[in-house]
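Below is one structure, written out as structure tokens; comments come after it.
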There are 2 protein chains.
Amino acid sequence: MPQLNKFSALPLYFQLAQALREKIRKGEYAKGDQIASERELMELYQVSRSTVRDAVDCLVNEGLLARKHGSGTFVADPTMKLGLMRLTSFTEDMRERHLEPSSMLIAKEVQIPSQPIQTQLGLLPGEQVLMVRRLRFADSIPMSLNISYFILEVCPGLVDENLENQSVYEVLENKFGIRIARAEQIIRADSASEYQAKMLNVKTGAPILVIEGVVYLEDGRPIEHLCSIYRSDRYVFSINPVRMSSAGPANNEMVEP
Amino acid sequence: MPQLNKFSALPLYFQLAQALREKIRKGEYAKGDQIASERELMELYQVSRSTVRDAVDCLVNEGLLARKHGSGTFVADPTMKLGLMRLTSFTEDMRERHLEPSSMLIAKEVQIPSQPIQTQLGLLPGEQVLMVRRLRFADSIPMSLNISYFILEVCPGLVDENLENQSVYEVLENKFGIRIARAEQIIRADSASEYQAKMLNVKTGAPILVIEGVVYLEDGRPIEHLCSIYRSDRYVFSINPVRMSSAGPANNEMVEP
DNA sequence: TAGTGGTCTAGACCACAAA
DNA sequence: TTGTGGTCTAGACCACTAA
């Protein structure tokens with residue numbers, strides 16, 4: 001029996017959104033499935049329709065659900081949200097591209113990071129991070145080289161995890177209940193250094209796409225600094241549906257009397 | 001006197017959103033200004049509070065407005081939305097980076113584009129486009145090389161415009177009342193060809209960032225295919241605040257009883 | 001304390017899709 | 001025709017901010 005806590009400090013719509021997110025994650029609602037109608041959700045969770053709509057709005061904005069006027073609300077087909085400005089792990093990203101992700105752990109070490117990293121993560125002097133360097137493959141061909149610094153205090157347990165072929169984000173969510181919320185990243189082009197070229201199996205100086213930035217939790221705390229380089233012959237980054245609630249009303253005809 | 005048309009096919013919240021957008025664009029509301037409160041807007045436009053909120057939601061999602069709990073709603077400071085996943089013209093992009101944009105027209109010609117462009121724009125066989133090729137400067141130093149194809153039928157008047165130092169998007173909006181709504185773009189890294197290197201004043205083979213895609217109007221029609229290359233030593237692309245209405249409730253403390 | 005945005009309710013009527 | 005999401009109203013109480 002689904003239950004929301006009326007006395008929680010968390011708003012009802014937010015609790016409902018999390019409940020729905022959960023169902024999708026657990027596969028109770030599969031990709032493409034129609035979920036309960038807004039009026040059914042009202043009944044099920046004993047809330048008003050606008051509260052239901054606020055919750056569904058959240059997931060629609062995240063790209064997890066899609067509304068179809070007159071038909072219902074559906075779990076978004078992942079192929080539909082391919083490459084949108086969502087926060088994806090390498091693992092998820094590759095799966096969506098129908099490539100088999102794998103990775104090789106090159107280094108993993110608790111350390112005090114360099115000054116720029118400290119600054120970007122907002123660390124206290126001397127605060128430790130877990131550095132993880134991995135080479136990542138798509139269908140067994142090198143695709144990306146990645147170095148991440150995770151703030152140890154936020155998730156000490158990460159040190160003992162095997163990160164060889166697992167998505168760190170999945171481990172964080174499933175084992176530690178930590179959900180990442182957003183990232184501030186930049187993308188730039190560069191030429192592969194000798195080391196990078198060797199690892200990625202391209203020529204020195206070959207163009208690479210560099211993505212680097214900081215990943216944040218829902219409560220605003222930073223958790224990770226990451227820098228990934230991608231072979232430009234195998235990877236393009238897509239920016240897509242800028243989901244604007246203002247994209248227009250359902251009736252899109254712009255008919256003016 | 002502000003007026004909304006109750007009998008328009010356009011929803012009230014949408015009309016109100018446009019009205020507010022207009023005021024911001026015209027400078028009636030300046031950057032950083034507090035706008036009328038939600039209750040004042042109710043009175044002014046004779047609509048309910050949720051309609052006002054729906055309208056404001058639109059502009060908040062676009063990054064034009066920002067709410068501050070307990071204080072009011074403000075016209076977003078452009079420096080705050082720097083580099084977010086908004087649709088920006090080169091002109092606007094450079095201004096936000098505090099660089100002076102200018103451009104040199106290299107070519108402008110009505111033509112029937114190549115097959116791939118035709119397909120991506122969904123053109124009928126033989127349909128014409130306006131091809132515009134420009135070299136773009138930031139503080140008088142070459143920054144980007146751009147080639148765009150505008151569907152002629154959507155905006156025939158564009159042919160006669162001087163596009164040397166103007167933002168095409170501003171011309172479209174201000175002279176023709178055409179607003180672009182979204183884009184589907186990809187970003188990749190590449191090496192500069194001999195021609196590109198010469199134009200951008202870098203070495204042949206230097207890394208460049210390539211952004212290409214299709215731009216759409218609010219009604220879903222495509223209007224432009226664009227391809228821009230940027231000097232990677234002068235330009236990084238930032239992806240930022242993924243504005244999720246689900247980022248969390250105002251009270252962000254996650255306190256559970 | 002007064003005013004703001006944040007959340008929520010309980011209705012209502014509409015346009016749209018599918019049967 | 002029935003059920004869906006889309007829009008809208010008229011309230012209410014809350015938490016937050018600034019005076």
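By convention here, the chains of the structure tokens are called A, B, ... in the order presented, each chain's residues are numbered starting at 1, and ligands are numbered starting at 1 in the order presented.
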Residues of chain A near chain C: apply a cut-off of 7 Å, count only C-alpha atoms (C1' of nucleotides), and supply the list as an MDAnalysis selection string.
chainID A and resid 11 48 51 69:71
Got a sec to tell me which of segment 4-131 of chain B DSSP assigns to strand (DSSP E or B), as number ranges by chain?
B: 34, 65-68, 72-75, 101-111, 129-131
Near chain A, meaning an atom within 6 Å, which residues of chain B appear when counting only C-alpha atoms? Write them as a ChimeraX atom specification.
/B:58,184-191,207-209,232,236-240,245-246
Kindly save the residues from that selection, with N, CA and C atoms included, as an mmCIF file, in the first residue's frame.
```
data_model
loop_
_atom_site.group_PDB
_atom_site.id
_atom_site.type_symbol
_atom_site.label_atom_id
_atom_site.label_comp_id
_atom_site.auth_asym_id
_atom_site.auth_seq_id
_atom_site.Cartn_x
_atom_site.Cartn_y
_atom_site.Cartn_z
ATOM 1 N N CYS B 58 7.105 28.995 -16.571
ATOM 2 C CA CYS B 58 7.677 28.966 -17.920
ATOM 3 C C CYS B 58 8.977 29.762 -17.962
ATOM 4 N N GLU B 184 18.336 20.777 -31.732
ATOM 5 C CA GLU B 184 18.920 19.462 -31.515
ATOM 6 C C GLU B 184 20.313 19.520 -32.075
ATOM 7 N N GLN B 185 21.270 19.405 -31.203
ATOM 8 C CA GLN B 185 22.637 19.615 -31.629
ATOM 9 C C GLN B 185 23.572 18.536 -31.132
ATOM 10 N N ILE B 186 24.654 18.359 -31.828
ATOM 11 C CA ILE B 186 25.706 17.500 -31.313
ATOM 12 C C ILE B 186 26.991 18.305 -31.220
ATOM 13 N N ILE B 187 27.833 17.868 -30.332
ATOM 14 C CA ILE B 187 29.129 18.502 -30.142
ATOM 15 C C ILE B 187 30.182 17.438 -30.352
ATOM 16 N N ARG B 188 31.180 17.765 -31.104
ATOM 17 C CA ARG B 188 32.266 16.820 -31.234
ATOM 18 C C ARG B 188 33.581 17.564 -31.393
ATOM 19 N N ALA B 189 34.653 16.819 -31.272
ATOM 20 C CA ALA B 189 35.973 17.415 -31.450
ATOM 21 C C ALA B 189 36.483 17.031 -32.826
ATOM 22 N N ASP B 190 37.311 17.899 -33.395
ATOM 23 C CA ASP B 190 37.915 17.578 -34.685
ATOM 24 C C ASP B 190 39.217 18.359 -34.822
ATOM 25 N N SER B 191 39.880 18.141 -35.927
ATOM 26 C CA SER B 191 41.101 18.901 -36.208
ATOM 27 C C SER B 191 40.804 19.875 -37.338
ATOM 28 N N PRO B 207 43.079 21.481 -32.588
ATOM 29 C CA PRO B 207 41.773 20.968 -32.159
ATOM 30 C C PRO B 207 40.678 22.035 -32.269
ATOM 31 N N ILE B 208 39.548 21.629 -32.756
ATOM 32 C CA ILE B 208 38.403 22.530 -32.817
ATOM 33 C C ILE B 208 37.169 21.823 -32.257
ATOM 34 N N LEU B 209 36.263 22.647 -31.757
ATOM 35 C CA LEU B 209 35.016 22.117 -31.245
ATOM 36 C C LEU B 209 33.965 22.340 -32.331
ATOM 37 N N SER B 232 39.482 25.795 -30.069
ATOM 38 C CA SER B 232 39.395 25.212 -28.735
ATOM 39 C C SER B 232 40.296 25.937 -27.746
ATOM 40 N N VAL B 236 35.263 27.186 -24.602
ATOM 41 C CA VAL B 236 34.764 25.955 -24.007
ATOM 42 C C VAL B 236 33.259 26.084 -23.901
ATOM 43 N N PHE B 237 32.631 24.959 -24.029
ATOM 44 C CA PHE B 237 31.173 24.931 -23.993
ATOM 45 C C PHE B 237 30.760 24.478 -22.606
ATOM 46 N N SER B 238 29.883 25.225 -21.969
ATOM 47 C CA SER B 238 29.500 24.749 -20.632
ATOM 48 C C SER B 238 28.056 24.295 -20.559
ATOM 49 N N ILE B 239 27.911 23.196 -19.914
ATOM 50 C CA ILE B 239 26.622 22.598 -19.651
ATOM 51 C C ILE B 239 26.409 22.754 -18.178
ATOM 52 N N ASN B 240 25.331 23.402 -17.820
ATOM 53 C CA ASN B 240 25.272 23.629 -16.388
ATOM 54 C C ASN B 240 23.962 23.297 -15.733
ATOM 55 N N SER B 245 12.789 20.892 -11.977
ATOM 56 C CA SER B 245 11.821 21.349 -10.981
ATOM 57 C C SER B 245 11.838 20.355 -9.835
ATOM 58 N N SER B 246 12.425 19.218 -10.105
ATOM 59 C CA SER B 246 12.467 18.173 -9.095
ATOM 60 C C SER B 246 13.754 18.212 -8.303
#
```
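Omitting segment 114-125 of chain B and its sequence neighbours fewer than 3 positions away, and counting only C-alpha atoms (C1' of nucleotides), the residues within 10 Å are Gln111, Gln128, Val129, Tyr149, Phe150, Ile151, Gly213, Val214, Val215, Tyr216, Arg221, Pro222, Ile223, Glu224, His225 and Leu226 of chain B.
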Can you write just those residues out, N, CA and C atoms, as a PDB file, in the first residue's frame?
```pdb
ATOM      1  N   GLN B 111      20.116  28.752 -52.316  1.00  0.00           N
ATOM      2  CA  GLN B 111      20.519  27.544 -53.033  1.00  0.00           C
ATOM      3  C   GLN B 111      19.653  26.354 -52.616  1.00  0.00           C
ATOM      4  N   GLN B 128      14.194  25.643 -51.505  1.00  0.00           N
ATOM      5  CA  GLN B 128      15.375  26.491 -51.367  1.00  0.00           C
ATOM      6  C   GLN B 128      15.679  26.922 -49.942  1.00  0.00           C
ATOM      7  N   VAL B 129      16.964  27.159 -49.702  1.00  0.00           N
ATOM      8  CA  VAL B 129      17.400  27.685 -48.408  1.00  0.00           C
ATOM      9  C   VAL B 129      18.312  28.884 -48.643  1.00  0.00           C
ATOM     10  N   TYR B 149      21.981  27.152 -42.852  1.00  0.00           N
ATOM     11  CA  TYR B 149      21.013  27.088 -43.935  1.00  0.00           C
ATOM     12  C   TYR B 149      19.642  27.391 -43.353  1.00  0.00           C
ATOM     13  N   PHE B 150      19.046  28.493 -43.783  1.00  0.00           N
ATOM     14  CA  PHE B 150      17.719  28.861 -43.300  1.00  0.00           C
ATOM     15  C   PHE B 150      16.677  28.492 -44.346  1.00  0.00           C
ATOM     16  N   ILE B 151      15.601  27.878 -43.887  1.00  0.00           N
ATOM     17  CA  ILE B 151      14.551  27.525 -44.831  1.00  0.00           C
ATOM     18  C   ILE B 151      13.889  28.807 -45.324  1.00  0.00           C
ATOM     19  N   GLY B 213      23.680  21.103 -35.841  1.00  0.00           N
ATOM     20  CA  GLY B 213      22.342  20.604 -35.550  1.00  0.00           C
ATOM     21  C   GLY B 213      21.258  21.399 -36.238  1.00  0.00           C
ATOM     22  N   VAL B 214      20.056  21.196 -35.785  1.00  0.00           N
ATOM     23  CA  VAL B 214      18.891  21.828 -36.378  1.00  0.00           C
ATOM     24  C   VAL B 214      18.167  22.658 -35.327  1.00  0.00           C
ATOM     25  N   VAL B 215      17.731  23.840 -35.735  1.00  0.00           N
ATOM     26  CA  VAL B 215      17.014  24.741 -34.833  1.00  0.00           C
ATOM     27  C   VAL B 215      15.534  24.750 -35.208  1.00  0.00           C
ATOM     28  N   TYR B 216      14.684  24.714 -34.199  1.00  0.00           N
ATOM     29  CA  TYR B 216      13.237  24.623 -34.424  1.00  0.00           C
ATOM     30  C   TYR B 216      12.478  25.818 -33.859  1.00  0.00           C
ATOM     31  N   ARG B 221       8.286  23.467 -36.342  1.00  0.00           N
ATOM     32  CA  ARG B 221       8.889  23.483 -37.680  1.00  0.00           C
ATOM     33  C   ARG B 221      10.381  23.755 -37.581  1.00  0.00           C
ATOM     34  N   PRO B 222      11.205  23.061 -38.358  1.00  0.00           N
ATOM     35  CA  PRO B 222      12.625  23.404 -38.388  1.00  0.00           C
ATOM     36  C   PRO B 222      12.805  24.700 -39.161  1.00  0.00           C
ATOM     37  N   ILE B 223      13.797  25.458 -38.796  1.00  0.00           N
ATOM     38  CA  ILE B 223      14.063  26.680 -39.560  1.00  0.00           C
ATOM     39  C   ILE B 223      15.492  26.754 -40.054  1.00  0.00           C
ATOM     40  N   GLU B 224      16.404  26.109 -39.348  1.00  0.00           N
ATOM     41  CA  GLU B 224      17.813  26.304 -39.685  1.00  0.00           C
ATOM     42  C   GLU B 224      18.639  25.039 -39.443  1.00  0.00           C
ATOM     43  N   HIS B 225      19.546  24.793 -40.336  1.00  0.00           N
ATOM     44  CA  HIS B 225      20.600  23.820 -40.046  1.00  0.00           C
ATOM     45  C   HIS B 225      21.880  24.606 -39.856  1.00  0.00           C
ATOM     46  N   LEU B 226      22.566  24.333 -38.763  1.00  0.00           N
ATOM     47  CA  LEU B 226      23.786  25.093 -38.549  1.00  0.00           C
ATOM     48  C   LEU B 226      24.974  24.196 -38.241  1.00  0.00           C
TER      49      LEU B 226
END
```
At a cut-off of 10 Å, list the chain D residues touching chain B, using only C-alpha atoms (C1' of nucleotides), as an NGL selection string.
:D and (6-10 or 15-18)
Residues as selected, C-alpha atoms (C1' of nucleotides), written as an mmCIF file, in the first residue's frame, can you do that?
```cif
data_model
loop_
_atom_site.group_PDB
_atom_site.id
_atom_site.type_symbol
_atom_site.label_atom_id
_atom_site.label_comp_id
_atom_site.auth_asym_id
_atom_site.auth_seq_id
_atom_site.Cartn_x
_atom_site.Cartn_y
_atom_site.Cartn_z
ATOM 1 C "C1'" DG D 6 -4.550 20.528 -20.227
ATOM 2 C "C1'" DT D 7 -6.167 24.580 -18.188
ATOM 3 C "C1'" DC D 8 -8.340 27.334 -14.709
ATOM 4 C "C1'" DT D 9 -10.613 29.075 -10.395
ATOM 5 C "C1'" DA D 10 -10.938 30.444 -5.494
ATOM 6 C "C1'" DA D 15 7.942 28.924 5.532
ATOM 7 C "C1'" DC D 16 10.777 32.337 4.482
ATOM 8 C "C1'" DT D 17 12.711 37.297 4.251
ATOM 9 C "C1'" DA D 18 13.171 41.828 5.501
#
```
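You can rank A:Glu170, A:Asp139, A:Glu22, A:Glu28 by their closest distance to Ser102 of chain A using only C-alpha atoms, and at the top of that list sits A:Asp139.
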Which of segment 31-91 of chain B end up as alpha helix (DSSP H) when DSSP is run on this backbone - answer as an NGL selection string?
:B and (38-45 or 49-62 or 90-91)
Output of the above residues as a JSON list (two decimals), in the first residue's frame, restricted to N, CA and C atoms:
```
[["chain", "number", "residue", "atom", "x", "y", "z"],
["B", 38, "GLU", "N", 3.17, 37.60, -7.30],
["B", 38, "GLU", "CA", 2.16, 36.73, -7.90],
["B", 38, "GLU", "C", 0.76, 37.25, -7.63],
["B", 39, "ARG", "N", 0.56, 37.77, -6.45],
["B", 39, "ARG", "CA", -0.78, 38.29, -6.13],
["B", 39, "ARG", "C", -1.08, 39.57, -6.90],
["B", 40, "GLU", "N", -0.05, 40.37, -7.12],
["B", 40, "GLU", "CA", -0.26, 41.57, -7.94],
["B", 40, "GLU", "C", -0.58, 41.19, -9.37],
["B", 41, "LEU", "N", 0.12, 40.19, -9.88],
["B", 41, "LEU", "CA", -0.13, 39.76, -11.26],
["B", 41, "LEU", "C", -1.54, 39.21, -11.40],
["B", 42, "MET", "N", -2.03, 38.55, -10.38],
["B", 42, "MET", "CA", -3.42, 38.07, -10.38],
["B", 42, "MET", "C", -4.38, 39.24, -10.64],
["B", 43, "GLU", "N", -4.16, 40.28, -9.85],
["B", 43, "GLU", "CA", -5.01, 41.47, -9.96],
["B", 43, "GLU", "C", -4.88, 42.11, -11.32],
["B", 44, "LEU", "N", -3.61, 42.35, -11.71],
["B", 44, "LEU", "CA", -3.33, 43.05, -12.95],
["B", 44, "LEU", "C", -3.96, 42.37, -14.15],
["B", 45, "TYR", "N", -3.82, 41.05, -14.19],
["B", 45, "TYR", "CA", -4.27, 40.34, -15.38],
["B", 45, "TYR", "C", -5.58, 39.59, -15.16],
["B", 49, "ARG", "N", -4.17, 32.56, -9.08],
["B", 49, "ARG", "CA", -2.76, 32.47, -8.73],
["B", 49, "ARG", "C", -2.08, 31.33, -9.46],
["B", 50, "SER", "N", -2.75, 30.22, -9.63],
["B", 50, "SER", "CA", -2.06, 29.10, -10.29],
["B", 50, "SER", "C", -1.77, 29.42, -11.74],
["B", 51, "THR", "N", -2.63, 30.19, -12.35],
["B", 51, "THR", "CA", -2.36, 30.60, -13.73],
["B", 51, "THR", "C", -1.10, 31.49, -13.76],
["B", 52, "VAL", "N", -1.03, 32.39, -12.80],
["B", 52, "VAL", "CA", 0.17, 33.22, -12.70],
["B", 52, "VAL", "C", 1.40, 32.33, -12.49],
["B", 53, "ARG", "N", 1.27, 31.37, -11.62],
["B", 53, "ARG", "CA", 2.42, 30.51, -11.33],
["B", 53, "ARG", "C", 2.83, 29.70, -12.55],
["B", 54, "ASP", "N", 1.85, 29.21, -13.29],
["B", 54, "ASP", "CA", 2.16, 28.47, -14.51],
["B", 54, "ASP", "C", 2.97, 29.35, -15.47],
["B", 55, "ALA", "N", 2.56, 30.61, -15.58],
["B", 55, "ALA", "CA", 3.26, 31.53, -16.48],
["B", 55, "ALA", "C", 4.69, 31.77, -15.98],
["B", 56, "VAL", "N", 4.80, 32.07, -14.70],
["B", 56, "VAL", "CA", 6.12, 32.34, -14.14],
["B", 56, "VAL", "C", 7.01, 31.10, -14.24],
["B", 57, "ASP", "N", 6.41, 29.93, -14.03],
["B", 57, "ASP", "CA", 7.16, 28.67, -14.18],
["B", 57, "ASP", "C", 7.85, 28.60, -15.54],
["B", 58, "CYS", "N", 7.10, 28.99, -16.57],
["B", 58, "CYS", "CA", 7.68, 28.97, -17.92],
["B", 58, "CYS", "C", 8.98, 29.76, -17.96],
["B", 59, "LEU", "N", 8.89, 31.00, -17.48],
["B", 59, "LEU", "CA", 10.06, 31.87, -17.60],
["B", 59, "LEU", "C", 11.18, 31.45, -16.66],
["B", 60, "VAL", "N", 10.81, 30.86, -15.55],
["B", 60, "VAL", "CA", 11.85, 30.35, -14.66],
["B", 60, "VAL", "C", 12.59, 29.20, -15.34],
["B", 61, "ASN", "N", 11.83, 28.34, -16.00],
["B", 61, "ASN", "CA", 12.45, 27.23, -16.71],
["B", 61, "ASN", "C", 13.34, 27.69, -17.85],
["B", 62, "GLU", "N", 12.96, 28.81, -18.43],
["B", 62, "GLU", "CA", 13.78, 29.35, -19.51],
["B", 62, "GLU", "C", 15.00, 30.06, -18.98],
["B", 90, "PHE", "N", 25.38, 33.33, -31.14],
["B", 90, "PHE", "CA", 26.79, 33.64, -30.93],
["B", 90, "PHE", "C", 26.92, 35.00, -30.25],
["B", 91, "THR", "N", 26.15, 35.94, -30.76],
["B", 91, "THR", "CA", 26.19, 37.31, -30.24],
["B", 91, "THR", "C", 25.95, 37.33, -28.73]]
```
Nearby residues (only C-alpha atoms (C1' of nucleotides)) at most 9 Å from Asp33 of chain B, same-chain spacing under 6 positions excluded, as number ranges by chain
B: 73-77
By how many Å are atom CA of Ser148 of chain B and atom CA of Arg133 of chain B apart?
6.4 Å
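Excluding Ser89 of chain B itself and same-chain residues fewer than 6 positions from it, the residues having an atom within 9 Å of it are Ser167, Val168, Tyr169 and Glu170 of chain B, counting only C-alpha atoms (C1' of nucleotides).
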